[in-house]
Amino acid sequence: MSKATLKKALKEMDREGLTEIICELYDARPEAKEYLEFWINPDADKELDKYKQKIFKIFFISDGKPRKSPAFTDMKTRIKYFSSLCIDSEKTADLMLYVLELYHLWLSERRRIMSHQARADKFITETVTYIESHALEELFGIRLERVREELQDLFRRGDRPSRLGWRHWW
């Protein structure tokens with residue numbers, strides 16, 4: 001169904017029908033529920049904190065222990081949902097930088113990190129593009145450079161050797 005068809009169908013409905021459809025949508029889809037709750041009570045800082053907690057749980061277990069393998073598609077989906085709430089670009093850039101900082105923290109706890117270099121470079125490029133396209137270099141430039149340098153230092157270090165040594169093979 002196209003957007004034009006949807007608009008036409010909604011124009012033909014009365015007020016009670018629209019209310020019923022919106023309530024059904026609210027009950028059926030968690031994304032719609034989240035959007036409508038934000039639309040009713042828009043608090044960008046509260047929503048940013050909520051999404052930061054959700055993304056933290058993607059990288060770490062509740063006690064701060066790193067997960068074996070975070071769900072990167074889930075993380076990208078969370079960023080997409082957050083930016084779709086029509087929140088200002090500063091909050092989205094802050095969330096993207098937070099993801100990079102968590103990624104660095106998660107990688108620093110891992111032994112084998114070199115397989116993540118391409119993904120980290122891609123996240124950095126996406127973040128830089130977003131910040132530059134919204135002219136937020138003055139606000140987030142120093143933080144972005146710090147995260148970029150920390151990730152580069154981490155990848156220069158490379159994979160750590162196993163602590164088990166030669167006895168592991170026996």
# chains A, B, ... in the order shown; residues from 1 in each chain; ligands from 1
call {"tool": "select_by_dssp", "arguments": {"residues": "range 78-168 of chain A", "states": "alpha helix (DSSP H)", "output": "count of residues only"}}
result
65
call {"tool": "residues_around", "arguments": {"residues": "Arg110 in chain A", "least_positions_apart": "3", "cutoff": "9 Å", "atoms": "only C-alpha atoms", "output": "list of chain:residue names"}}
result
A:Pro66, A:Lys68, A:Trp106, A:Leu107, A:Ile113, A:Asp159, A:Arg160
call {"tool": "residues_around", "arguments": {"residues": "range 97-99 of chain A", "least_positions_apart": "5", "cutoff": "9 Å", "atoms": "only C-alpha atoms", "output": "ChimeraX atom specification"}}
result
/A:52,55-56,75,92,104,123-124,127,140,143-144,147
call {"tool": "residues_around", "arguments": {"residues": "Lys46 in chain A", "least_positions_apart": "5", "cutoff": "12 Å", "atoms": "only C-alpha atoms", "output": "list of chain:residue names"}}
result
A:Phe38, A:Asn41, A:Tyr51, A:Lys52, A:Gln53, A:Phe82, A:Ile87, A:Lys91
call {"tool": "write_last_selection", "arguments": {"atoms": "N, CA, C and O atoms", "output": "mmCIF file, in the first residue's frame"}}
result
data_model
loop_
_atom_site.group_PDB
_atom_site.id
_atom_site.type_symbol
_atom_site.label_atom_id
_atom_site.label_comp_id
_atom_site.auth_asym_id
_atom_site.auth_seq_id
_atom_site.Cartn_x
_atom_site.Cartn_y
_atom_site.Cartn_z
ATOM 1 N N PHE A 38 6.417 8.839 22.955
ATOM 2 C CA PHE A 38 7.310 9.990 22.837
ATOM 3 C C PHE A 38 6.559 11.188 22.270
ATOM 4 O O PHE A 38 6.798 12.324 22.680
ATOM 5 N N ASN A 41 4.555 12.720 25.196
ATOM 6 C CA ASN A 41 5.395 13.364 26.211
ATOM 7 C C ASN A 41 6.836 13.395 25.714
ATOM 8 O O ASN A 41 7.645 12.540 26.075
ATOM 9 N N TYR A 51 17.886 4.851 25.479
ATOM 10 C CA TYR A 51 18.572 4.192 24.371
ATOM 11 C C TYR A 51 20.021 3.876 24.701
ATOM 12 O O TYR A 51 20.562 2.870 24.235
ATOM 13 N N LYS A 52 20.668 4.708 25.492
ATOM 14 C CA LYS A 52 22.033 4.397 25.916
ATOM 15 C C LYS A 52 22.059 3.132 26.762
ATOM 16 O O LYS A 52 22.960 2.299 26.626
ATOM 17 N N GLN A 53 21.067 2.959 27.612
ATOM 18 C CA GLN A 53 20.982 1.735 28.418
ATOM 19 C C GLN A 53 20.732 0.517 27.536
ATOM 20 O O GLN A 53 21.315 -0.549 27.756
ATOM 21 N N PHE A 82 15.884 5.589 17.230
ATOM 22 C CA PHE A 82 16.104 6.820 17.982
ATOM 23 C C PHE A 82 16.071 8.037 17.061
ATOM 24 O O PHE A 82 15.436 9.038 17.377
ATOM 25 N N ILE A 87 14.061 13.540 17.001
ATOM 26 C CA ILE A 87 14.862 14.216 18.017
ATOM 27 C C ILE A 87 15.944 14.995 17.288
ATOM 28 O O ILE A 87 16.388 14.609 16.209
ATOM 29 N N LYS A 91 21.412 15.020 19.690
ATOM 30 C CA LYS A 91 21.166 13.824 20.508
ATOM 31 C C LYS A 91 21.552 12.559 19.730
ATOM 32 O O LYS A 91 22.131 11.636 20.296
#
call {"tool": "atom_distance", "arguments": {"atom1": "CA of Glu90 in chain A", "atom2": "CA of Leu136 in chain A"}}
result
7.3 Å
call {"tool": "residues_around", "arguments": {"residues": "range 31-37 of chain A", "least_positions_apart": "6", "cutoff": "9 Å", "atoms": "only C-alpha atoms", "output": "VMD selection string"}}
result
chain A and resid 25 81 84 to 85
call {"tool": "atom_distance", "arguments": {"atom1": "CA of Ser89 in chain A", "atom2": "CA of Leu48 in chain A"}}
result
11.7 Å
call {"tool": "residues_around", "arguments": {"residues": "Ser108 in chain A", "least_positions_apart": "4", "cutoff": "10 Å", "atoms": "only C-alpha atoms", "output": "VMD selection string"}}
result
chain A and resid 66 102 to 104 112 to 113 150 to 151 154 to 155
call {"tool": "atom_distance", "arguments": {"atom1": "CA of Ser115 in chain A", "atom2": "CA of Tyr130 in chain A"}}
result
24.6 Å
call {"tool": "closest_residue", "arguments": {"among": "A:Gly64, A:Ala71, A:Pro42, A:Ile58", "to": "Glu109 in chain A", "atoms": "only C-alpha atoms"}}
result
A:Gly64
call {"tool": "closest_residue", "arguments": {"among": "A:Leu105, A:Val128, A:Leu95, A:Leu100", "to": "Arg78 in chain A", "atoms": "only C-alpha atoms"}}
result
A:Leu95
call {"tool": "closest_residue", "arguments": {"among": "A:Ile142, A:Ile40, A:Phe72, A:Met96", "to": "Thr129 in chain A", "atoms": "only C-alpha atoms"}}
result
A:Met96
call {"tool": "closest_residue", "arguments": {"among": "A:Glu138, A:Glu24, A:Asp153, A:Glu47", "to": "Cys86 in chain A", "atoms": "only C-alpha atoms"}}
result
A:Glu47
